[in-house]
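Text of the file data_2.cif, holding mmCIF, C-alpha atoms:
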data_start
loop_
_atom_site.group_PDB
_atom_site.id
_atom_site.type_symbol
_atom_site.label_atom_id
_atom_site.label_comp_id
_atom_site.auth_asym_id
_atom_site.auth_seq_id
_atom_site.Cartn_x
_atom_site.Cartn_y
_atom_site.Cartn_z
ATOM 1 C CA MET A 1 29.649 76.440 2.424
ATOM 2 C CA GLN A 2 31.948 77.824 -0.263
ATOM 3 C CA VAL A 3 32.653 80.943 1.810
ATOM 4 C CA ILE A 4 33.536 78.827 4.846
ATOM 5 C CA ALA A 5 35.806 76.563 2.768
ATOM 6 C CA SER A 6 37.548 79.613 1.320
ATOM 7 C CA GLU A 7 38.069 80.966 4.834
ATOM 8 C CA MET A 8 39.414 77.609 6.087
ATOM 9 C CA ASN A 9 41.828 77.564 3.105
ATOM 10 C CA LEU A 10 42.413 73.817 3.372
ATOM 11 C CA SER A 11 42.584 71.432 0.418
ATOM 12 C CA GLU A 12 38.950 70.509 1.060
ATOM 13 C CA THR A 13 36.351 71.197 3.699
ATOM 14 C CA ALA A 14 33.498 68.714 4.224
ATOM 15 C CA PHE A 15 29.923 69.396 5.242
ATOM 16 C CA PHE A 16 27.637 66.524 6.213
ATOM 17 C CA VAL A 17 24.117 66.280 7.611
ATOM 18 C CA PRO A 18 21.896 63.323 8.483
ATOM 19 C CA ARG A 19 20.113 62.151 5.331
ATOM 20 C CA PRO A 20 16.539 63.484 5.355
ATOM 21 C CA GLY A 21 13.675 61.051 4.932
ATOM 22 C CA THR A 22 15.594 57.952 6.006
ATOM 23 C CA ALA A 23 15.122 55.957 9.165
ATOM 24 C CA LYS A 24 18.738 54.779 9.054
ATOM 25 C CA ARG A 25 20.918 56.687 11.507
ATOM 26 C CA SER A 26 24.013 55.723 9.530
ATOM 27 C CA GLU A 27 23.278 57.690 6.337
ATOM 28 C CA TYR A 28 24.426 61.239 5.652
ATOM 29 C CA ASP A 29 24.483 63.714 2.783
ATOM 30 C CA LEU A 30 28.045 64.934 2.204
ATOM 31 C CA ARG A 31 29.515 67.757 0.114
ATOM 32 C CA TRP A 32 33.133 68.880 -0.341
ATOM 33 C CA PHE A 33 34.542 72.300 -1.123
ATOM 34 C CA ALA A 34 38.059 73.338 -2.099
ATOM 35 C CA PRO A 35 38.993 76.982 -1.494
ATOM 36 C CA LEU A 36 37.671 78.010 -4.926
ATOM 37 C CA LEU A 37 34.979 75.488 -5.893
ATOM 38 C CA GLU A 38 32.837 72.500 -4.950
ATOM 39 C CA VAL A 39 34.531 69.207 -5.835
ATOM 40 C CA ASP A 40 32.993 65.943 -7.032
ATOM 41 C CA LEU A 41 34.978 63.510 -4.898
ATOM 42 C CA CYS A 42 37.276 63.780 -1.892
ATOM 43 C CA GLY A 43 38.567 60.717 -0.097
ATOM 44 C CA HIS A 44 40.582 61.995 2.856
ATOM 45 C CA VAL A 45 37.866 64.365 4.075
ATOM 46 C CA THR A 46 35.295 61.574 3.699
ATOM 47 C CA LEU A 47 37.416 59.421 6.017
ATOM 48 C CA ALA A 48 37.705 62.385 8.384
ATOM 49 C CA SER A 49 33.903 62.748 8.368
ATOM 50 C CA GLY A 50 33.576 59.046 9.190
ATOM 51 C CA HIS A 51 36.116 59.493 11.983
ATOM 52 C CA LEU A 52 34.028 62.285 13.543
ATOM 53 C CA ILE A 53 30.860 60.193 13.416
ATOM 54 C CA PHE A 54 32.543 57.074 14.846
ATOM 55 C CA LYS A 55 34.441 58.915 17.581
ATOM 56 C CA HIS A 56 32.098 61.723 18.640
ATOM 57 C CA MET A 57 28.580 61.228 17.307
ATOM 58 C CA GLN A 58 27.728 57.528 16.966
ATOM 59 C CA PRO A 59 30.514 55.394 18.456
ATOM 60 C CA GLU A 60 28.322 52.287 18.237
ATOM 61 C CA LEU A 61 28.423 52.300 14.409
ATOM 62 C CA GLU A 62 30.814 50.162 12.397
ATOM 63 C CA GLN A 63 29.853 51.609 9.008
ATOM 64 C CA VAL A 64 28.377 54.819 7.636
ATOM 65 C CA THR A 65 27.131 55.698 4.147
ATOM 66 C CA PHE A 66 27.623 59.132 2.644
ATOM 67 C CA HIS A 67 25.430 60.201 -0.277
ATOM 68 C CA THR A 68 27.469 62.460 -2.563
ATOM 69 C CA ARG A 69 27.666 63.907 -6.067
ATOM 70 C CA SER A 70 29.730 60.807 -6.944
ATOM 71 C CA GLY A 71 27.151 58.378 -5.564
ATOM 72 C CA PRO A 72 27.118 56.509 -2.263
ATOM 73 C CA LEU A 73 30.441 56.125 -0.463
ATOM 74 C CA GLY A 74 30.883 53.809 2.488
ATOM 75 C CA VAL A 75 33.272 54.281 5.404
ATOM 76 C CA SER A 76 33.905 51.301 7.690
ATOM 77 C CA ARG A 77 36.045 50.662 10.728
ATOM 78 C CA ARG A 78 38.936 48.260 10.138
ATOM 79 C CA ASN A 79 40.511 47.951 13.609
ATOM 80 C CA ASP A 80 42.454 51.220 14.059
ATOM 81 C CA LEU A 81 42.026 52.143 10.377
ATOM 82 C CA LEU A 82 39.117 53.453 8.339
ATOM 83 C CA GLU A 83 38.208 52.089 4.906
ATOM 84 C CA LEU A 84 36.621 54.110 2.107
ATOM 85 C CA ASP A 85 34.538 52.165 -0.421
ATOM 86 C CA SER A 86 34.406 54.217 -3.630
ATOM 87 C CA PRO A 87 33.696 53.603 -7.307
ATOM 88 C CA ALA A 88 36.767 53.144 -9.503
ATOM 89 C CA ILE A 89 37.074 56.324 -11.551
ATOM 90 C CA ALA A 90 38.383 56.466 -15.129
ATOM 91 C CA SER A 91 39.801 59.997 -14.880
ATOM 92 C CA LEU A 92 39.807 63.071 -12.681
ATOM 93 C CA HIS A 93 38.358 66.482 -13.526
ATOM 94 C CA GLN A 94 40.352 68.172 -16.300
ATOM 95 C CA SER A 95 41.836 70.854 -13.990
ATOM 96 C CA TRP A 96 43.501 68.246 -11.756
ATOM 97 C CA VAL A 97 47.110 67.046 -12.209
ATOM 98 C CA VAL A 98 48.477 63.778 -10.792
ATOM 99 C CA ALA A 99 52.098 62.673 -11.076
ATOM 100 C CA THR A 100 52.766 58.996 -10.362
ATOM 101 C CA ALA A 101 55.612 56.491 -10.647
ATOM 102 C CA PRO A 102 56.542 53.036 -9.423
ATOM 103 C CA ALA A 103 57.930 53.161 -5.899
ATOM 104 C CA ASP A 104 61.625 52.587 -5.317
ATOM 105 C CA ALA A 105 61.055 51.395 -1.744
ATOM 106 C CA GLU A 106 59.980 47.815 -1.000
ATOM 107 C CA GLU A 107 57.089 48.799 1.278
ATOM 108 C CA TYR A 108 55.240 50.706 -1.492
ATOM 109 C CA ASP A 109 53.958 49.741 -4.935
ATOM 110 C CA PHE A 110 53.646 53.289 -6.307
ATOM 111 C CA VAL A 111 53.998 56.934 -5.316
ATOM 112 C CA SER A 112 52.104 60.055 -6.353
ATOM 113 C CA ARG A 113 51.723 63.807 -6.003
ATOM 114 C CA PHE A 114 48.533 65.781 -6.609
ATOM 115 C CA PHE A 115 48.062 69.391 -7.726
ATOM 116 C CA ALA A 116 44.808 71.290 -8.404
ATOM 117 C CA PRO A 117 45.647 74.999 -8.725
ATOM 118 C CA MET A 118 42.355 75.777 -10.505
ATOM 119 C CA ALA A 119 40.569 74.668 -7.313
ATOM 120 C CA GLY A 120 42.902 76.675 -5.066
ATOM 121 C CA ILE A 121 45.017 73.641 -4.089
ATOM 122 C CA ASN A 122 48.704 74.134 -4.839
ATOM 123 C CA GLU A 123 49.517 70.610 -3.634
ATOM 124 C CA ASP A 124 47.178 68.320 -1.744
ATOM 125 C CA PRO A 125 48.942 66.400 1.031
ATOM 126 C CA ALA A 126 46.837 63.205 0.787
ATOM 127 C CA THR A 127 44.329 62.629 -2.007
ATOM 128 C CA GLY A 128 41.925 59.705 -1.744
ATOM 129 C CA SER A 129 40.073 60.678 -4.924
ATOM 130 C CA ALA A 130 43.287 60.406 -6.960
ATOM 131 C CA HIS A 131 43.717 56.860 -5.692
ATOM 132 C CA THR A 132 40.319 55.883 -7.142
ATOM 133 C CA VAL A 133 42.053 56.431 -10.512
ATOM 134 C CA LEU A 134 45.575 55.321 -9.585
ATOM 135 C CA THR A 135 44.527 52.032 -7.989
ATOM 136 C CA PRO A 136 42.904 50.599 -11.160
ATOM 137 C CA TYR A 137 45.856 51.846 -13.238
ATOM 138 C CA TRP A 138 48.567 50.347 -11.024
ATOM 139 C CA SER A 139 46.530 47.205 -10.298
ATOM 140 C CA ALA A 140 46.381 46.418 -14.030
ATOM 141 C CA ARG A 141 49.996 47.412 -14.615
ATOM 142 C CA LEU A 142 51.417 45.417 -11.677
ATOM 143 C CA GLY A 143 48.936 42.506 -11.815
ATOM 144 C CA LYS A 144 47.966 42.958 -8.154
ATOM 145 C CA THR A 145 44.641 43.703 -6.444
ATOM 146 C CA HIS A 146 46.176 44.841 -3.129
ATOM 147 C CA LEU A 147 48.541 47.802 -3.346
ATOM 148 C CA VAL A 148 50.321 50.091 -0.915
ATOM 149 C CA ALA A 149 50.795 53.666 -2.088
ATOM 150 C CA ARG A 150 52.621 56.694 -0.737
ATOM 151 C CA GLN A 151 51.677 60.259 -1.557
ATOM 152 C CA ILE A 152 55.012 62.054 -1.375
ATOM 153 C CA SER A 153 53.827 65.561 -0.573
ATOM 154 C CA LYS A 154 55.577 67.482 2.212
ATOM 155 C CA ARG A 155 53.199 65.980 4.831
ATOM 156 C CA GLY A 156 52.711 62.721 2.942
ATOM 157 C CA GLY A 157 50.258 59.905 3.384
ATOM 158 C CA ASP A 158 50.075 56.122 3.095
ATOM 159 C CA PHE A 159 47.196 54.397 1.301
ATOM 160 C CA TYR A 160 46.293 50.711 1.476
ATOM 161 C CA CYS A 161 44.365 50.169 -1.765
ATOM 162 C CA GLU A 162 42.323 47.250 -3.032
ATOM 163 C CA MET A 163 40.566 46.645 -6.347
ATOM 164 C CA ALA A 164 37.205 45.003 -5.623
ATOM 165 C CA GLY A 165 35.436 44.628 -8.973
ATOM 166 C CA ASP A 166 34.394 48.107 -10.092
ATOM 167 C CA ARG A 167 35.068 49.529 -6.609
ATOM 168 C CA VAL A 168 38.229 50.744 -4.944
ATOM 169 C CA LYS A 169 38.727 50.293 -1.225
ATOM 170 C CA ILE A 170 41.189 52.724 0.315
ATOM 171 C CA THR A 171 42.200 52.186 3.910
ATOM 172 C CA GLY A 172 44.208 54.559 6.037
ATOM 173 C CA HIS A 173 44.809 56.139 9.413
ATOM 174 C CA THR A 174 42.910 59.166 10.620
ATOM 175 C CA VAL A 175 44.357 61.624 13.102
ATOM 176 C CA GLU A 176 42.315 64.267 14.849
ATOM 177 C CA VAL A 177 44.498 67.368 15.063
ATOM 178 C CA MET A 178 42.072 70.118 15.968
ATOM 179 C CA THR A 179 38.618 70.751 17.336
ATOM 180 C CA GLY A 180 36.839 74.067 17.648
ATOM 181 C CA MET A 181 33.753 76.129 17.059
ATOM 182 C CA LEU A 182 32.860 78.257 14.076
ATOM 183 C CA ASP A 183 30.813 81.385 14.731
ATOM 184 C CA ILE A 184 28.722 82.102 11.639
ATOM 185 C CA GLN A 185 27.251 85.601 11.532
ATOM 186 C CA ILE A 186 24.196 85.768 9.280
#

Do you think you could lay out the structure here as structure tokens?
Amino acid sequence: MQVIASEMNLSETAFFVPRPGTAKRSEYDLRWFAPLLEVDLCGHVTLASGHLIFKHMQPELEQVTFHTRSGPLGVSRRNDLLELDSPAIASLHQSWVVATAPADAEEYDFVSRFFAPMAGINEDPATGSAHTVLTPYWSARLGKTHLVARQISKRGGDFYCEMAGDRVKITGHTVEVMTGMLDIQI
């Protein structure tokens, strides 16, 4: 998986399989890899994995659960959006850098940028895992449980964030930009 992720050279590459030993068709094991290492949490690729299941594999589902190194993560349909249900995280891995500030535009509460050069990510375009830290921070600072965030990378991304007890719900759009086949020579 690490070799494939290195070859893809994207911020993260996800690998999921149906969860063994469970009768539920909506449970999967999920792992994420950056170009240089396996990561503990990745939000945008988790939403992308949910998108693939909902659109191509099991369109009858409304929710899927991914079992990960960070515990169970839920992805649910919310009309034309997908919602990630994740634990609120106190801090990110020490090799990750997040820059954040209050937004100067009315439609956003805060903005951020995310860099993880030790993982092979110069700048991540949209980082759900960072928002599991930023949402509790900005929620407490602004006195709000519902926040709208903008990641101001070159590509950018909007995040609709909600504090729900010790969980963070991050809702956003998914866009399928490419499909293909990978020929693995063993």

**OP:** List the neighbours of Asp166 (chain A) out to 9 Å using all atoms listed in the file; skip same-chain residues closer than 3 positions along the sequence, and give me the result as a list in words.
**Re:**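 Once the nearby chain positions are removed, what remains is Ser86, Pro87, Ala88, Ile89, Pro136 and Met163 of chain A.
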
**OP:** Within 7 Å of Arg31 (chain A), counting all atoms listed in the file, which residues show up once you throw out same-chain ones fewer than 4 positions away? Write them as a ChimeraX atom specification, please.
**Re:** /A:14-16,68

Original post:
Any chance you could work out the residue set of the PyMOL selection byres ((chain A and resi 39) around 10) here, as an NGL selection string?
Top reply: :A and (12-13 or 31-38 or 40-42 or 69-70 or 93 or 119)

Could the residues in this selection be saved with C-alpha atoms as a CSV table (one decimal), keeping the file's coordinate frame?
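result.csv, freshly written:
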chain,number,residue,atom,x,y,z
A,12,GLU,CA,39.0,70.5,1.1
A,13,THR,CA,36.4,71.2,3.7
A,31,ARG,CA,29.5,67.8,0.1
A,32,TRP,CA,33.1,68.9,-0.3
A,33,PHE,CA,34.5,72.3,-1.1
A,34,ALA,CA,38.1,73.3,-2.1
A,35,PRO,CA,39.0,77.0,-1.5
A,36,LEU,CA,37.7,78.0,-4.9
A,37,LEU,CA,35.0,75.5,-5.9
A,38,GLU,CA,32.8,72.5,-5.0
A,40,ASP,CA,33.0,65.9,-7.0
A,41,LEU,CA,35.0,63.5,-4.9
A,42,CYS,CA,37.3,63.8,-1.9
A,69,ARG,CA,27.7,63.9,-6.1
A,70,SER,CA,29.7,60.8,-6.9
A,93,HIS,CA,38.4,66.5,-13.5
A,119,ALA,CA,40.6,74.7,-7.3

Original post:
On this structure, which residues satisfy the PyMOL selection byres ((chain A and resi 105-116) around 10), written as number ranges by chain?
Top reply: A: 11, 34, 93-104, 117-127, 130-131, 134-135, 138-139, 142, 144, 146-154, 156-160

Original post:
Rounded to one decimal in Å, what is the spacing between CA of Thr65 (chain A) and CA of Gly180 (chain A)?
Top reply: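 Atom-to-atom, CA of Thr65 (chain A) to CA of Gly180 (chain A), that is 24.8 Å.
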
Original post:
Restricting the calculation to only C-alpha atoms, which member of A:Pro18, A:Ala48, A:Glu60, A:Asn79 is positioned closest to Met178 (chain A)?
Top reply: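 Using only C-alpha atoms, Met178 (chain A) sits closest to A:Ala48.
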